[in-house]
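Peer 1: If it helps, the file is called coords_11.cif and holds mmCIF, C-alpha atoms:
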```
data_coords
#
loop_
_atom_site.label_atom_id
_atom_site.label_comp_id
_atom_site.auth_asym_id
_atom_site.auth_seq_id
_atom_site.Cartn_x
_atom_site.Cartn_y
_atom_site.Cartn_z
CA MET D 1 -8.61 -10.87 7.79
CA ASN D 2 -10.61 -7.82 6.82
CA SER D 3 -10.65 -5.92 3.55
CA VAL D 4 -10.00 -2.24 4.31
CA SER D 5 -9.61 0.94 2.28
CA PRO D 6 -6.48 0.58 0.15
CA VAL D 7 -6.21 4.22 -0.91
CA TYR D 8 -3.08 6.19 -0.08
CA THR D 9 -4.47 9.74 -0.43
CA GLU D 10 -7.89 11.37 -0.18
CA SER D 11 -7.81 12.16 -3.92
CA GLU D 12 -7.91 8.40 -4.63
CA VAL D 13 -11.11 7.77 -2.63
CA PRO D 14 -13.43 8.15 -5.67
CA SER D 15 -11.59 5.28 -7.39
CA GLU D 16 -12.62 2.83 -4.66
CA GLN D 17 -15.27 0.20 -5.21
CA VAL D 18 -16.43 -2.93 -3.37
CA ILE D 19 -16.27 -6.18 -5.35
CA ALA D 20 -18.81 -8.95 -4.54
CA LEU D 21 -20.87 -6.81 -2.17
CA GLY D 22 -24.08 -8.68 -1.36
CA GLN D 23 -22.90 -11.92 -3.01
CA GLU D 24 -23.15 -14.52 -0.26
CA ASP D 25 -20.74 -16.97 -1.94
CA TYR D 26 -17.91 -14.40 -2.00
CA TYR D 27 -16.05 -12.24 0.50
CA PRO D 28 -16.49 -8.51 -0.33
CA ILE D 29 -13.18 -6.85 -1.18
CA ILE D 30 -12.52 -3.11 -1.38
CA VAL D 31 -10.51 -2.25 -4.51
CA ALA D 32 -9.05 1.05 -5.71
CA ARG D 33 -7.75 1.72 -9.20
CA ILE D 34 -4.50 3.63 -8.58
CA LYS D 35 -2.55 5.60 -11.21
CA TYR D 36 1.14 5.93 -10.34
CA ALA D 37 3.50 8.79 -11.21
CA ASP D 38 4.88 6.80 -14.17
CA ASP D 39 1.29 6.50 -15.58
CA SER D 40 1.09 2.78 -14.81
CA VAL D 41 -2.22 1.65 -13.32
CA ALA D 42 -2.99 -1.06 -10.78
CA SER D 43 -5.97 -2.39 -8.88
CA VAL D 44 -4.96 -2.23 -5.22
CA THR D 45 -6.52 -4.03 -2.27
CA ARG D 46 -5.48 -3.90 1.39
CA PHE D 47 -6.15 -6.43 4.15
CA ARG D 48 -5.81 -5.90 7.87
CA LEU D 49 -4.83 -8.97 9.89
CA ASP D 50 -6.37 -9.63 13.29
CA ASP D 51 -4.23 -10.57 16.31
CA LYS D 52 -4.66 -14.32 15.77
CA GLU D 53 -3.56 -14.05 12.12
CA ARG D 54 -0.55 -11.92 13.09
CA GLU D 55 0.41 -14.55 15.68
CA MET D 56 0.15 -17.32 13.08
CA ILE D 57 2.44 -15.39 10.70
CA ALA D 58 4.93 -14.74 13.51
CA LYS D 59 5.00 -18.53 14.09
CA GLY D 60 5.83 -19.13 10.43
CA ALA D 61 2.46 -19.39 8.66
CA ASP D 62 2.57 -18.57 4.94
CA ILE D 63 0.30 -16.15 3.14
CA LEU D 64 -1.54 -17.77 0.28
CA LEU D 65 -2.95 -15.58 -2.46
CA SER D 66 -5.35 -17.04 -4.98
CA GLN D 67 -6.67 -15.39 -8.09
CA PRO D 68 -9.62 -16.76 -10.00
CA HIS D 69 -9.11 -16.38 -13.71
CA HIS D 70 -10.47 -17.45 -17.02
CA GLY D 71 -7.73 -18.08 -19.53
CA LEU D 72 -4.23 -16.74 -19.00
CA MET D 73 -2.96 -16.12 -15.46
CA MET D 74 -2.68 -12.42 -14.72
CA PRO D 75 0.29 -11.11 -12.70
CA ILE D 76 -0.34 -10.01 -9.13
CA GLY D 77 1.68 -8.19 -6.50
CA ILE D 78 1.83 -8.44 -2.73
CA GLN D 79 3.42 -5.87 -0.43
CA LEU D 80 3.41 -4.89 3.24
CA ALA D 81 2.25 -1.49 4.51
CA MET D 82 1.50 -0.03 7.91
CA PRO D 83 -2.03 1.41 8.30
CA ASP D 84 -2.43 4.78 6.55
CA SER D 85 0.91 4.56 4.77
CA TYR D 86 2.41 3.65 1.41
CA PRO D 87 3.80 0.12 0.94
CA GLU D 88 7.34 -0.64 2.05
CA ALA D 89 9.94 -0.54 -0.73
CA GLN D 90 10.78 -4.01 -1.99
#
```
What do you get writing this file as structure tokens?
Peer 2:
Amino acid sequence: MNSVSPVYTESEVPSEQVIALGQEDYYPIIVARIKYADDSVASVTRFRLDDKEREMIAKGADILLSQPHHGLMMPIGIQLAMPDSYPEAQ
């Protein structure tokens, strides 16, 4: 699974940053801070699955999402989107 650019439009590119770059204990993740039309803000990441991972999901594998935290658990979201497109409506 590879972390890829999560931005939806070219105007959002400046909001992108890489978390944990150069930290050997952690997997670098590309994150963009996105402001939506309703003025809500989210940190968005996007992952691209390789063929083996897609095959595992097709066979029924679950997707596990972990979030390190200190104190209260923060809410997270998970969506599906085709490359270079907005997420599917849920």
Peer 1: Could you jot down the CA of Ile57 in chain D to CA of Asp84 in chain D separation for me, Å, one decimal place?
Peer 2: 21.2 Å
Peer 1: Between D:Asp38, D:Arg46, D:Ala20, D:Ile63, single out the one closest to Ser85 in chain D, counting only C-alpha atoms.
Peer 2: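 Using only C-alpha atoms, the shortest distance to Ser85 in chain D belongs to D:Arg46.
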Peer 1: I want to know what sits within 12 Å of Ser3 in chain D, based on all atoms listed in the file, with residues of the same chain fewer than 2 positions away left out; could you give that as a list in words?
Peer 2: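 Residues meeting the cut-off are Met1, Ser5, Pro6, Val7, Gln17, Val18, Ile19, Ala20, Leu21, Tyr27, Pro28, Ile29, Ile30, Val31, Ala32, Val44, Thr45, Arg46, Phe47, Arg48, Leu49 and Asp50 of chain D.
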Peer 1: Near Lys35 in chain D, within 10 Å and counting all atoms listed in the file, which residues show up once chain neighbours fewer than 6 positions away are dropped, as a ChimeraX atom specification?
Peer 2: /D:12,15,41-43
Peer 1: Just the number, please: distance in Å from CA of Val13 in chain D to CA of Gln67 in chain D, one decimal.
Peer 2: 24.2 Å
